[in-house]
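Asker: What follows is target.cif; its format and atoms are mmCIF, C-alpha atoms.
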```cif
data_structure
loop_
_atom_site.label_atom_id
_atom_site.label_comp_id
_atom_site.auth_asym_id
_atom_site.auth_seq_id
_atom_site.Cartn_x
_atom_site.Cartn_y
_atom_site.Cartn_z
CA MET A 1019 144.40 78.83 89.03
CA ILE A 1020 147.98 79.96 89.26
CA PRO A 1021 149.21 82.70 86.92
CA GLN A 1022 151.71 80.31 85.29
CA ASP A 1023 148.82 78.29 83.80
CA LEU A 1024 147.27 81.44 82.40
CA LYS A 1025 150.63 82.42 80.95
CA ILE A 1026 150.83 79.10 79.05
CA LEU A 1027 147.29 79.56 77.68
CA GLU A 1028 148.04 83.15 76.71
CA GLU A 1029 151.26 82.21 74.91
CA LYS A 1030 149.52 79.48 72.90
CA SER A 1031 146.67 81.81 71.91
CA ILE A 1032 149.06 84.57 70.87
CA TYR A 1033 151.05 82.02 68.85
CA LEU A 1034 147.88 80.89 67.06
CA LEU A 1035 146.79 84.47 66.32
CA ARG A 1036 150.23 85.31 64.89
CA GLU A 1037 150.25 82.09 62.84
CA ALA A 1038 146.82 82.96 61.44
CA LYS A 1039 147.97 86.43 60.41
CA LEU A 1040 151.11 84.98 58.83
CA ARG A 1041 149.53 82.03 57.01
CA PHE A 1042 146.43 83.66 55.55
CA ASN A 1043 146.04 86.63 53.25
CA ASN A 1044 142.76 87.97 54.52
CA VAL A 1045 141.87 87.23 58.14
CA ALA A 1046 138.85 88.47 60.10
CA ALA A 1047 137.63 87.82 63.63
CA LEU A 1048 134.07 87.23 64.79
CA TRP A 1049 133.01 89.35 67.76
CA SER A 1050 129.77 88.68 69.64
CA MET A 1051 130.64 91.15 72.44
CA GLY A 1052 130.71 88.21 74.85
CA LYS A 1053 133.53 87.54 77.29
CA ASP A 1054 135.36 85.02 75.08
CA SER A 1055 135.50 87.03 71.87
CA THR A 1056 136.40 90.20 73.79
CA THR A 1057 139.22 88.27 75.51
CA MET A 1058 140.36 87.07 72.08
CA LEU A 1059 140.51 90.69 70.88
CA ALA A 1060 142.53 91.62 73.98
CA LEU A 1061 144.93 88.77 73.15
CA ALA A 1062 145.17 90.02 69.56
CA ARG A 1063 146.06 93.49 70.83
CA LYS A 1064 148.77 91.92 72.95
CA ALA A 1065 150.02 89.82 70.04
CA PHE A 1066 150.21 92.73 67.61
CA LEU A 1067 151.55 95.57 69.77
CA GLY A 1068 148.29 97.15 70.88
CA LYS A 1069 146.28 96.96 67.67
CA VAL A 1070 143.87 94.35 66.36
CA PRO A 1071 145.35 93.90 62.86
CA PHE A 1072 142.30 92.39 61.17
CA PRO A 1073 138.65 93.39 60.69
CA VAL A 1074 136.21 92.42 63.41
CA ILE A 1075 132.80 91.13 62.33
CA HIS A 1076 129.56 91.43 64.28
CA ILE A 1077 126.66 89.45 62.86
CA ASP A 1078 123.78 91.63 63.98
CA ASN A 1079 120.29 90.16 63.85
CA SER A 1080 118.88 93.45 65.25
CA ILE A 1081 117.54 91.96 68.49
CA ASP A 1082 120.66 91.89 70.61
CA PHE A 1083 120.54 93.45 74.06
CA PRO A 1084 120.81 97.28 74.19
CA GLU A 1085 123.79 96.89 76.57
CA THR A 1086 125.52 94.75 73.94
CA TYR A 1087 125.16 97.43 71.26
CA ARG A 1088 126.49 100.08 73.62
CA PHE A 1089 129.42 97.89 74.66
CA ARG A 1090 130.21 97.21 70.98
CA ASP A 1091 130.23 100.87 70.00
CA GLU A 1092 132.23 102.03 73.02
CA LEU A 1093 134.92 99.33 72.78
CA ALA A 1094 135.19 99.60 68.98
CA LYS A 1095 135.96 103.30 69.45
CA LYS A 1096 138.33 102.80 72.39
CA TRP A 1097 140.32 99.97 70.77
CA LYS A 1098 140.07 101.51 67.24
CA LEU A 1099 138.60 98.30 65.82
CA ASP A 1100 137.90 97.91 62.11
CA LEU A 1101 134.31 96.85 62.79
CA ILE A 1102 132.17 95.28 60.08
CA VAL A 1103 128.50 94.90 61.02
CA GLY A 1104 126.66 92.28 58.98
CA GLU A 1105 122.93 92.88 59.26
CA SER A 1106 121.21 89.54 59.48
CA GLU A 1107 117.72 89.31 58.02
CA ILE A 1108 115.01 88.05 60.33
CA ASN A 1109 113.24 85.21 58.62
CA PRO A 1110 109.72 84.99 60.12
CA ASP A 1111 109.52 81.26 59.53
CA LEU A 1112 112.65 80.40 61.51
CA VAL A 1113 112.93 80.18 65.28
CA GLY A 1114 115.46 78.98 67.84
CA SER A 1115 118.18 76.76 66.42
CA ALA A 1116 116.78 77.14 62.89
CA CYS A 1117 117.27 80.90 63.26
CA CYS A 1118 120.89 80.45 64.39
CA GLY A 1119 121.56 77.74 61.80
CA LYS A 1120 120.29 79.78 58.87
CA ASN A 1121 120.22 83.54 59.51
CA LYS A 1122 123.68 84.07 60.99
CA PRO A 1123 125.66 81.72 58.69
CA GLU A 1124 123.86 83.17 55.63
CA THR A 1125 124.87 86.71 56.63
CA LEU A 1126 128.43 85.53 57.29
CA LYS A 1127 128.54 83.84 53.88
CA LYS A 1128 127.57 87.11 52.19
CA LEU A 1129 130.25 89.01 54.12
CA MET A 1130 132.88 86.39 53.30
CA ALA A 1131 131.97 86.64 49.61
CA THR A 1132 132.07 90.45 49.69
CA TYR A 1133 135.37 90.81 51.54
CA GLY A 1134 137.07 87.57 50.40
CA PHE A 1135 138.22 86.45 53.85
CA ASP A 1136 140.13 83.15 53.81
CA ALA A 1137 140.35 82.69 57.59
CA LEU A 1138 138.03 83.49 60.48
CA VAL A 1139 139.16 83.75 64.09
CA VAL A 1140 136.40 82.34 66.29
CA SER A 1141 136.49 82.30 70.11
CA ILE A 1142 134.95 78.93 70.88
CA ARG A 1143 136.25 76.81 73.77
CA ARG A 1144 136.36 73.01 74.06
CA ASP A 1145 134.68 73.02 77.47
CA GLU A 1146 131.58 74.88 76.27
CA HIS A 1147 129.91 71.98 74.53
CA GLY A 1148 130.69 68.38 73.52
CA ILE A 1149 130.68 69.14 69.80
CA ARG A 1150 133.05 72.10 70.27
CA ALA A 1151 135.44 69.70 72.03
CA LYS A 1152 135.96 67.98 68.67
CA GLU A 1153 137.32 71.14 67.04
CA ARG A 1154 140.88 71.70 65.83
CA TYR A 1155 142.95 74.87 66.31
CA MET A 1156 142.75 75.43 62.57
CA SER A 1157 139.64 73.86 61.17
CA PRO A 1158 138.73 73.75 57.46
CA ARG A 1159 135.26 74.60 56.15
CA ASP A 1160 134.09 73.94 52.60
CA LYS A 1161 132.55 76.55 50.27
CA ASN A 1162 129.13 75.91 51.82
CA PHE A 1163 130.57 76.47 55.34
CA ARG A 1164 130.07 72.81 56.14
CA TRP A 1165 132.27 71.19 58.75
CA ASN A 1166 133.06 67.51 58.44
CA TYR A 1167 133.80 66.75 62.08
CA LYS A 1168 134.25 63.07 61.32
CA ASN A 1169 137.20 63.73 59.05
CA GLN A 1170 139.53 66.35 60.45
CA PRO A 1171 143.27 66.89 60.06
CA ALA A 1172 145.47 65.72 62.90
CA GLU A 1173 147.32 68.48 64.75
CA LEU A 1174 150.35 66.72 66.14
CA TRP A 1175 153.31 68.65 67.55
CA ASP A 1176 151.70 72.02 66.78
CA ASP A 1177 151.56 71.22 63.09
CA TYR A 1178 148.37 72.91 61.93
CA SER A 1179 146.69 72.40 58.62
CA SER A 1180 146.11 75.66 56.78
CA LYS A 1181 145.36 74.05 53.43
CA LEU A 1182 142.28 75.65 51.94
CA ASP A 1183 139.47 73.87 50.17
CA VAL A 1184 138.50 75.58 46.91
CA ARG A 1185 136.57 78.69 47.94
CA GLY A 1186 136.43 77.39 51.50
CA HIS A 1187 137.96 78.98 54.55
CA ILE A 1188 139.77 78.06 57.77
CA ARG A 1189 138.38 78.68 61.24
CA VAL A 1190 141.11 79.58 63.72
CA HIS A 1191 140.34 78.83 67.37
CA PRO A 1192 142.88 80.50 69.70
CA LEU A 1193 140.82 79.95 72.88
CA LEU A 1194 140.17 76.25 72.35
CA ASP A 1195 142.12 75.13 75.46
CA TRP A 1196 140.68 77.73 77.82
CA ASN A 1197 137.84 77.07 80.23
CA GLU A 1198 135.30 79.51 81.62
CA ILE A 1199 137.24 80.25 84.83
CA ASP A 1200 140.46 80.78 82.83
CA VAL A 1201 138.69 83.43 80.79
CA TRP A 1202 137.38 85.22 83.88
CA ASN A 1203 140.79 85.01 85.59
CA TYR A 1204 142.40 86.50 82.51
CA ILE A 1205 139.76 89.26 82.36
CA LYS A 1206 140.60 90.02 86.00
CA GLN A 1207 144.36 89.90 85.43
CA GLU A 1208 144.34 92.04 82.28
CA LYS A 1209 141.43 94.29 83.34
CA ILE A 1210 139.60 93.55 80.09
CA PRO A 1211 136.27 95.41 79.70
CA VAL A 1212 133.27 93.08 79.61
CA ASN A 1213 129.61 93.38 78.73
CA PRO A 1214 127.75 94.62 81.88
CA LEU A 1215 125.08 91.94 81.38
CA TYR A 1216 127.47 89.41 82.96
CA PHE A 1217 127.12 91.13 86.33
CA SER A 1218 124.19 90.60 88.64
CA ARG A 1219 121.47 93.20 88.81
CA ASN A 1220 118.39 92.60 90.88
CA GLY A 1221 119.51 89.03 91.60
CA TYR A 1222 119.94 87.97 87.96
CA ARG A 1223 122.86 87.83 85.54
CA TYR A 1224 123.63 86.36 82.12
CA ARG A 1225 126.33 83.68 82.04
CA SER A 1226 126.35 83.11 78.28
CA LEU A 1227 125.14 85.86 75.94
CA GLY A 1228 123.10 85.51 72.77
CA CYS A 1229 120.12 87.37 71.34
CA THR A 1230 117.40 88.76 73.61
CA HIS A 1231 114.84 86.14 72.71
CA CYS A 1232 116.98 83.04 73.25
CA THR A 1233 119.07 84.04 76.30
CA ILE A 1234 117.70 83.46 79.77
CA PRO A 1235 119.12 85.16 82.88
CA LEU A 1236 120.21 83.01 85.80
CA LYS A 1237 119.80 83.71 89.49
CA SER A 1238 123.08 85.08 90.80
CA ASP A 1239 124.48 87.67 93.18
CA ALA A 1240 127.83 87.98 91.38
CA ARG A 1241 128.31 91.72 91.00
CA GLY A 1242 131.94 91.70 89.94
CA VAL A 1243 134.63 89.55 88.33
CA ASN A 1244 135.82 88.17 91.70
CA ASP A 1245 132.23 87.15 92.59
CA ILE A 1246 131.84 85.40 89.22
CA ILE A 1247 135.08 83.43 89.71
CA ARG A 1248 133.94 82.37 93.19
CA GLU A 1249 130.53 81.39 91.81
CA LEU A 1250 132.05 79.31 88.99
CA GLU A 1251 134.30 77.43 91.41
CA THR A 1252 131.23 75.99 93.14
CA THR A 1253 128.47 75.85 90.52
CA LYS A 1254 127.30 72.61 88.95
CA ASP A 1255 125.22 74.29 86.24
CA GLU A 1256 126.39 74.23 82.65
CA GLU A 1257 127.65 77.47 81.15
CA ARG A 1258 125.12 77.47 78.33
CA SER A 1259 122.18 76.52 80.55
CA GLY A 1260 120.66 79.93 79.80
CA ARG A 1261 120.72 79.41 76.03
CA SER A 1262 117.38 78.06 74.85
CA MET A 1263 118.58 76.63 71.53
CA ASP A 1264 120.85 74.14 73.31
CA LYS A 1265 117.80 72.63 74.99
CA GLU A 1266 115.55 72.13 71.98
CA ARG A 1267 116.50 68.59 71.10
CA GLU A 1268 119.42 66.20 71.16
CA TYR A 1269 122.45 66.90 68.98
CA VAL A 1270 121.10 70.32 67.94
CA MET A 1271 124.49 71.94 68.52
CA SER A 1272 126.22 69.26 66.40
CA LYS A 1273 123.82 69.99 63.55
CA LEU A 1274 124.20 73.76 63.91
CA ARG A 1275 127.99 73.62 63.83
CA ALA A 1276 128.00 71.26 60.85
CA LEU A 1277 125.88 73.85 59.02
CA GLY A 1278 128.34 76.66 59.72
CA TYR A 1279 127.13 78.10 63.04
CA MET A 1280 129.91 79.65 65.06
CA MET B 176 107.32 121.09 76.45
CA ALA B 177 108.47 118.81 79.31
CA VAL B 178 111.02 116.13 78.45
CA GLU B 179 108.72 113.34 79.68
CA SER B 180 105.81 114.56 77.50
CA LYS B 181 108.06 114.60 74.44
CA MET B 182 109.18 111.06 75.21
CA ARG B 183 105.58 109.84 75.62
CA MET B 184 104.59 111.55 72.36
CA ALA B 185 107.48 109.81 70.61
CA ALA B 186 106.35 106.48 72.10
CA ASP B 187 102.78 107.07 70.91
CA ALA B 188 104.10 107.84 67.43
CA LEU B 189 105.95 104.52 67.47
CA TRP B 190 102.77 102.58 68.15
CA ARG B 191 101.21 104.24 65.09
CA ASP B 192 104.23 103.84 62.82
CA GLN B 193 107.36 101.83 63.73
CA SER B 194 109.49 103.52 61.09
CA GLU B 195 113.21 104.10 61.55
CA GLU B 196 112.57 107.86 61.57
CA ASN B 197 110.19 107.51 64.53
CA TRP B 198 112.64 105.23 66.34
CA LYS B 199 115.42 107.82 65.94
CA ARG B 200 113.12 110.54 67.27
CA PHE B 201 112.16 108.33 70.21
CA SER B 202 115.79 107.46 70.93
CA GLY B 203 116.67 111.16 71.20
CA ALA B 204 113.77 111.83 73.59
CA LEU B 205 114.68 108.74 75.60
CA ARG B 206 118.24 109.95 76.24
CA ARG B 207 116.91 113.13 77.82
CA SER B 208 114.20 111.40 79.89
CA SER B 209 114.19 109.78 83.36
CA ILE B 210 114.01 106.23 81.91
CA ARG B 211 116.83 103.97 83.14
CA TYR B 212 115.62 100.36 82.77
CA TYR B 213 113.90 98.18 80.19
CA ARG B 214 112.18 94.83 80.20
CA ILE B 215 111.28 92.89 77.06
CA ILE B 216 107.85 91.26 77.10
CA PHE B 217 107.59 88.64 74.40
CA ALA B 218 104.27 87.67 72.85
CA ASN B 219 102.67 84.47 74.13
CA GLY B 220 103.84 85.24 77.65
CA GLY B 221 107.30 83.76 77.36
CA ARG B 222 109.89 83.21 74.67
CA LEU B 223 109.71 84.37 71.12
CA ASN B 224 108.18 81.19 69.75
CA ARG B 225 107.89 82.42 66.20
CA MET B 226 109.75 85.28 64.62
CA GLN B 227 106.37 86.66 63.54
CA ASP B 228 105.70 87.19 67.25
CA LEU B 229 108.34 89.92 67.14
CA THR B 230 105.70 92.33 65.88
CA LYS B 231 103.45 91.46 68.82
CA SER B 232 106.16 91.81 71.48
CA HIS B 233 106.87 95.05 73.35
CA ILE B 234 109.31 96.68 75.76
CA GLU B 235 108.37 98.16 79.11
CA LEU B 236 110.41 101.18 80.16
CA TYR B 237 111.03 102.07 83.81
CA ASP B 238 112.46 105.07 85.68
CA SER B 239 115.17 104.90 88.36
CA LYS B 240 112.59 103.87 90.99
CA HIS B 241 111.50 100.93 88.79
CA THR B 242 108.12 102.53 88.10
CA ILE B 243 106.81 101.78 84.63
CA VAL B 244 106.75 104.93 82.50
CA THR B 245 105.69 103.74 79.07
CA LYS B 246 105.72 100.83 76.61
CA VAL B 247 107.14 100.72 73.10
CA PRO B 248 107.06 98.07 70.36
CA LEU B 249 110.06 95.76 69.90
CA SER B 250 110.17 95.88 66.14
CA LEU B 251 111.11 98.28 63.39
CA ARG B 252 109.57 98.29 59.92
CA GLU B 253 111.26 99.23 56.68
CA GLY B 254 108.63 98.71 54.03
CA LYS B 255 107.78 95.02 54.19
CA ARG B 256 110.95 94.22 56.14
CA VAL B 257 110.64 93.79 59.92
CA ARG B 258 113.59 93.83 62.30
CA GLY B 259 114.32 94.33 65.98
CA ALA B 260 114.81 97.83 67.36
CA THR B 261 116.74 97.19 70.58
CA ILE B 262 119.72 99.22 69.33
CA TYR B 263 117.62 102.34 69.89
CA LEU B 264 117.43 101.55 73.62
CA SER B 265 121.22 101.64 73.96
CA GLY B 266 122.12 103.21 77.32
CA LEU B 267 119.34 101.51 79.30
CA GLN B 268 119.84 98.59 81.69
CA VAL B 269 117.87 95.35 81.69
CA TRP B 270 115.51 94.79 84.64
CA ASN B 271 114.79 91.11 85.22
CA THR B 272 112.33 90.00 87.88
CA ALA B 273 111.01 86.63 89.02
CA ASP B 274 107.47 87.04 87.58
#
```
Could you write out this file's structure as structure tokens?
Answerer:
Amino acid sequence: MIPQDLKILEEKSIYLLREAKLRFNNVAALWSMGKDSTTMLALARKAFLGKVPFPVIHIDNSIDFPETYRFRDELAKKWKLDLIVGESEINPDLVGSACCGKNKPETLKKLMATYGFDALVVSIRRDEHGIRAKERYMSPRDKNFRWNYKNQPAELWDDYSSKLDVRGHIRVHPLLDWNEIDVWNYIKQEKIPVNPLYFSRNGYRYRSLGCTHCTIPLKSDARGVNDIIRELETTKDEERSGRSMDKEREYVMSKLRALGYM
Amino acid sequence: MAVESKMRMAADALWRDQSEENWKRFSGALRRSSIRYYRIIFANGGRLNRMQDLTKSHIELYDSKHTIVTKVPLSLREGKRVRGATIYLSGLQVWNTAD
């Protein structure tokens, strides 16, 4: 990766973040404390002169990793983030993808209704999963958070659709063109703080972070950002291979995203 | 009273009553103790297969030499509501092993 490529990605992301702030009245960003959403916040700080100008939402289902909570609190203080924590109820009858498909979107729906957000900045990337590859930079959701991925607006010549459905909202995806190595190269270049769970300890590290009960560590000796970049250049494993919900059954991610999962 | 004894007493109290008050007391004792690592042991020997298993799961706590010091439950109870309590272990590091 040459820095020029990263510069192009950065400029596009900053453009999208500024467009989102300009086009919508009430924007918020989702923050999972993972590498992608933290990179998105770093881009937002760059786009808006050192300050994230919109509220940052963490959907907390109360069983995240302790390191994740610490990272959230420390970075929120350091970057002076307007953090909104939405406590997600644990429904005892739901597990795995059903948990993600119901608990988190329901909590987000309540927050959206309370605060009246009309746009959400979400840090998904096209290379993460086939269904995420179908996303647009600005993607409409209806009032029930449903995403009709078979009927999406065209985005030709950087002409994005920001037309809102009645009581719906728009998902803004500034990192859509990035891939995993781009993100790590940018983290290295900009010295962005990351969750310590990404780094190997005792021969294991987490490559994609979720809740404690659905995230599996992978064998790795990558103790720093440079090691991770080297590892990614040679690995043939999928990024989300440590996320149990992706393995449950075919098309589970398509169904989750259609139901409003981030 | 020694710091470690206070921490063990707080852990014992948690097994009797997983209230938020007890978790806050335990969290304070934990910060002053020698515990550095944690490992989550889910019920049924592996993943959390049902959310109800949350109440049967526990967390093992280790010192800097990776010697197990004590165990605490994974859940917190607020009346009939049950939720995870991992936020109270903030500051510890995960310890994954092959077994």
Asker: Counting all atoms listed in the file, which residues come within 9 Å of (145.1, 90.3, 65.6), with the point read in the file's coordinates, and could you list them as a ChimeraX atom specification?
Answerer: /A:1032,1035-1036,1038-1039,1045-1047,1058-1066,1069-1073,1139
Asker: Please report the interatomic distance between atom CA of B:Phe217 and atom CA of A:Asp1255 in Å with one decimal.
Answerer: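 So the two atoms, atom CA of B:Phe217 and atom CA of A:Asp1255, lie 25.6 Å apart.
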Asker: At a cut-off of 12 Å, list the chain B residues touching chain A, using all atoms listed in the file, as a count of residues only.
Answerer: 47
Asker: I'd like the interatomic distance between atom CA of B:Arg206 and atom CA of B:Val178, to a tenth of an Å.
Answerer: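 Computing the Euclidean distance for atom CA of B:Arg206 and atom CA of B:Val178 yields 9.8 Å.
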Asker: Which residues come within 9 Å of stretch 179-192 of chain B, counting only C-alpha atoms, excluding same-chain residues fewer than 2 positions away, as a VMD selection string?
Answerer: chain B and resid 176 to 177 194 197 to 198 200 to 205 207 to 209 244 to 248 251 to 252
Asker: Pull out every residue that the PyMOL selection byres ((chain A and resi 1041) around 12) matches in the shown coordinates and put them as a ChimeraX atom specification.
Answerer: /A:1033-1040,1042-1045,1136-1137,1156,1178-1182,1188,1190
Asker: Would you mind reading off the distance between atom CA of A:Ser1055 and atom CA of A:Phe1135, one decimal, in Å?
Answerer: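 Here the two named atoms are 18.2 Å from each other.
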Asker: Take the point (136.7, 72.7, 57.0) as written in the file and pick out every residue within 9 Å of it, counting only C-alpha atoms; give the list as a ChimeraX atom specification.
Answerer: /A:1156-1161,1163-1167,1170,1182-1183,1186-1189
Asker: Give me the residues near A:Leu1093 as a PDB file with C-alpha atoms, in the frame of the given file, where near means some atom within 10 Å (using all atoms listed in the file) and where sequence neighbours in that chain fewer than 4 positions away do not count.
Answerer:
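Saved the output as selection.pdb:
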```pdb
ATOM      1  CA  MET A1051     130.640  91.150  72.440  1.00  0.00           C
ATOM      2  CA  THR A1056     136.400  90.200  73.790  1.00  0.00           C
ATOM      3  CA  ARG A1088     126.490 100.080  73.620  1.00  0.00           C
ATOM      4  CA  PHE A1089     129.420  97.890  74.660  1.00  0.00           C
ATOM      5  CA  TRP A1097     140.320  99.970  70.770  1.00  0.00           C
ATOM      6  CA  LYS A1098     140.070 101.510  67.240  1.00  0.00           C
ATOM      7  CA  LEU A1099     138.600  98.300  65.820  1.00  0.00           C
ATOM      8  CA  PRO A1211     136.270  95.410  79.700  1.00  0.00           C
ATOM      9  CA  VAL A1212     133.270  93.080  79.610  1.00  0.00           C
ATOM     10  CA  ASN A1213     129.610  93.380  78.730  1.00  0.00           C
TER      11      ASN A1213
END
```
Asker: Determine the axis-aligned bounding box of all atoms of stretch 204-212 of chain B present in the file, pad each side by 5 Å, and express its centre and edge lengths in Å to one decimal place as AutoDock Vina command-line options.
Answerer:
```
--center_x 116.0 --center_y 106.7 --center_z 78.5 --size_x 14.5 --size_y 22.8 --size_z 19.8
```
Asker: Would you translate the PyMOL selection byres ((chain A and resi 1125) around 8) into the concrete set of residues it matches in this file, as number ranges by chain?
Answerer: A: 1077, 1104-1107, 1121-1124, 1126-1129
Asker: Here is a test: counting all atoms listed in the file, which residue of A:Arg1090, A:Lys1120, A:Lys1095, A:His1191 is nearest to A:Arg1154?
Answerer: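 Of A:Arg1090, A:Lys1120, A:Lys1095, A:His1191, the one nearest A:Arg1154, counting all atoms listed in the file, is A:His1191.
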